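Here's the structure, in structure tokens; my notes come after.
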Amino acid sequence: MLSISRIQAASCLQRVTTPADIFIRSKHSSTQIKRLFKRNPARYRVAKREGLVPEPKPLDPPKYAAVLEPNMLSNGWSAPPGPDVTIPSYPFRVSRTKNKPNDAVGFLPVYSEFRKDGSRVTTRIKKVSGDVDEFLSELRSVLQIPVPHNPKDDTIRIRTGGTIELKGNRVREVRHWLAGLGF
């Protein structure tokens, strides 16, 4: 009987809540909310079909045309341009590798790197000097890589020591472009 009276007394006491006291706990975590509601591919397709997604800006054409058509070997080596080809002065420079036997001309320093058991592939361009911003804008226009709205989502990164890193295996395209410019 004593416990019944306590329950009755507790039910009689009512606490008045204000909007500041109310905290609604979300059923989903912030990652789930982004996945389900903000970055949902189905919602994106519907928004794109209805014209709510802005079209990406067209990329500028490359400023520097190829000086010559490179002849690439299967191992990735290409001969530098001969003395009869005039190479314009570029605001950037990519030096070839050195220390080859018999004073042979080295390779273009473009490498692929495989991480996470081969599921993540990156392309590295080393020995870049000069105006790196001009090099990046030309690289974006040649490879058709748009400038992202968020810098964290960029597929191109500038590393220390004149190294540029791209997401994906773009080694052949970059070597062909650099050899065409005469590097």
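Residue numbers start at 1 in each chain; chains themselves are named A, B, ... in the order of the structure tokens; ligands are numbered from 1 in the order shown.
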
Report task. Any chance you could list, as a count of residues only, the residues in segment 27-159 of chain A that come up helix (DSSP H, G or I) when DSSP is run on the backbone? Result -> 36

Report task. Tell me which protein, DNA and RNA residues are within 12 Å of Ile145 of chain A, counting only C-alpha atoms, leaving out same-chain ones fewer than 2 positions away, and put them as a count of residues only. Result -> 24

Report task. Give the strand (DSSP E) residues of segment 55-140 of chain A, as DSSP finds them on the backbone, and put them as a list in words. Result -> Phe92, Arg93, Val94, Val110, Tyr111, Ser112, Glu113, Phe114, Arg115, Arg120, Val121, Thr122, Thr123, Arg124, Ile125, Val128, Ser129 and Gly130 of chain A

**Report entry** Counting only C-alpha atoms, the residue of A:Arg96, A:Arg49, A:Arg124, A:Arg172 that sits nearest Arg159 of chain A
**Finding:**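 The shortest atom-to-atom distance to Arg159 of chain A comes from A:Arg124.
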
Report task. Choose the residue, out of A:His149, A:Arg175, A:Lys127, A:Arg35, that has the smallest atom-to-atom separation from Gly161 of chain A; count only C-alpha atoms. Result -> A:Lys127

Query raised in the report: Between A:Ala79, A:Leu178, A:Ala66, A:Leu52, which has the minimum distance to Ser95 of chain A (counting only C-alpha atoms)?
Result: A:Leu178

**Report entry** Residue contacts of Val171 of chain A (8 Å, only C-alpha atoms) excluding same-chain residues fewer than 3 positions away, as a VMD selection string
**Finding:** chain A and resid 110 to 112 123 174 to 175

Using the selection just defined, write its residues with N, CA and C atoms as a short mmCIF file (atom, residue, chain, number, x, y, z; two decimals), in the first residue's frame.
```cif
data_model
loop_
_atom_site.label_atom_id
_atom_site.label_comp_id
_atom_site.auth_asym_id
_atom_site.auth_seq_id
_atom_site.Cartn_x
_atom_site.Cartn_y
_atom_site.Cartn_z
N VAL A 110 57.34 9.57 -64.36
CA VAL A 110 55.92 9.35 -64.11
C VAL A 110 55.77 7.90 -63.67
N TYR A 111 55.22 7.69 -62.48
CA TYR A 111 55.16 6.35 -61.89
C TYR A 111 53.76 6.05 -61.38
N SER A 112 53.42 4.78 -61.33
CA SER A 112 52.16 4.36 -60.71
C SER A 112 52.49 3.72 -59.37
N THR A 123 49.00 7.94 -59.45
CA THR A 123 50.04 8.26 -60.41
C THR A 123 50.87 9.39 -59.84
N VAL A 174 49.82 10.74 -69.12
CA VAL A 174 50.73 11.81 -68.68
C VAL A 174 52.06 11.71 -69.41
N ARG A 175 52.59 10.49 -69.58
CA ARG A 175 53.85 10.34 -70.31
C ARG A 175 53.70 10.79 -71.77
#
```

**Report entry** Interatomic distance, atom CA of Leu181 of chain A to atom CA of Val121 of chain A (Å, one decimal)
**Finding:**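 Value for the atom CA of Leu181 of chain A-atom CA of Val121 of chain A distance: 25.3 Å.
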
Query raised in the report: What's the 10 Å shell around Thr86 of chain A, counting only C-alpha atoms, without same-chain residues fewer than 3 positions away, as JSON, numbers by chain?
Result: {"A": [67, 68, 81, 82, 83, 89, 182]}

**Report entry** Nearest residue to Gly130 of chain A from the set A:Ile164, A:Val94, A:Ile158, A:Ala104 (distances using only C-alpha atoms)
**Finding:**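 Distance minimum relative to Gly130 of chain A lands on A:Val94.
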
Requested in this report: Could you jot down the atom CA of Phe107 of chain A to atom CA of Ser78 of chain A separation for me, Å, one decimal place?
Outcome: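 Interatomic distance, atom CA of Phe107 of chain A to atom CA of Ser78 of chain A: 7.2 Å.
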
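A straight line drawn from atom CA of Val128 of chain A to atom CA of Arg157 of chain A is 12.9 Å long.
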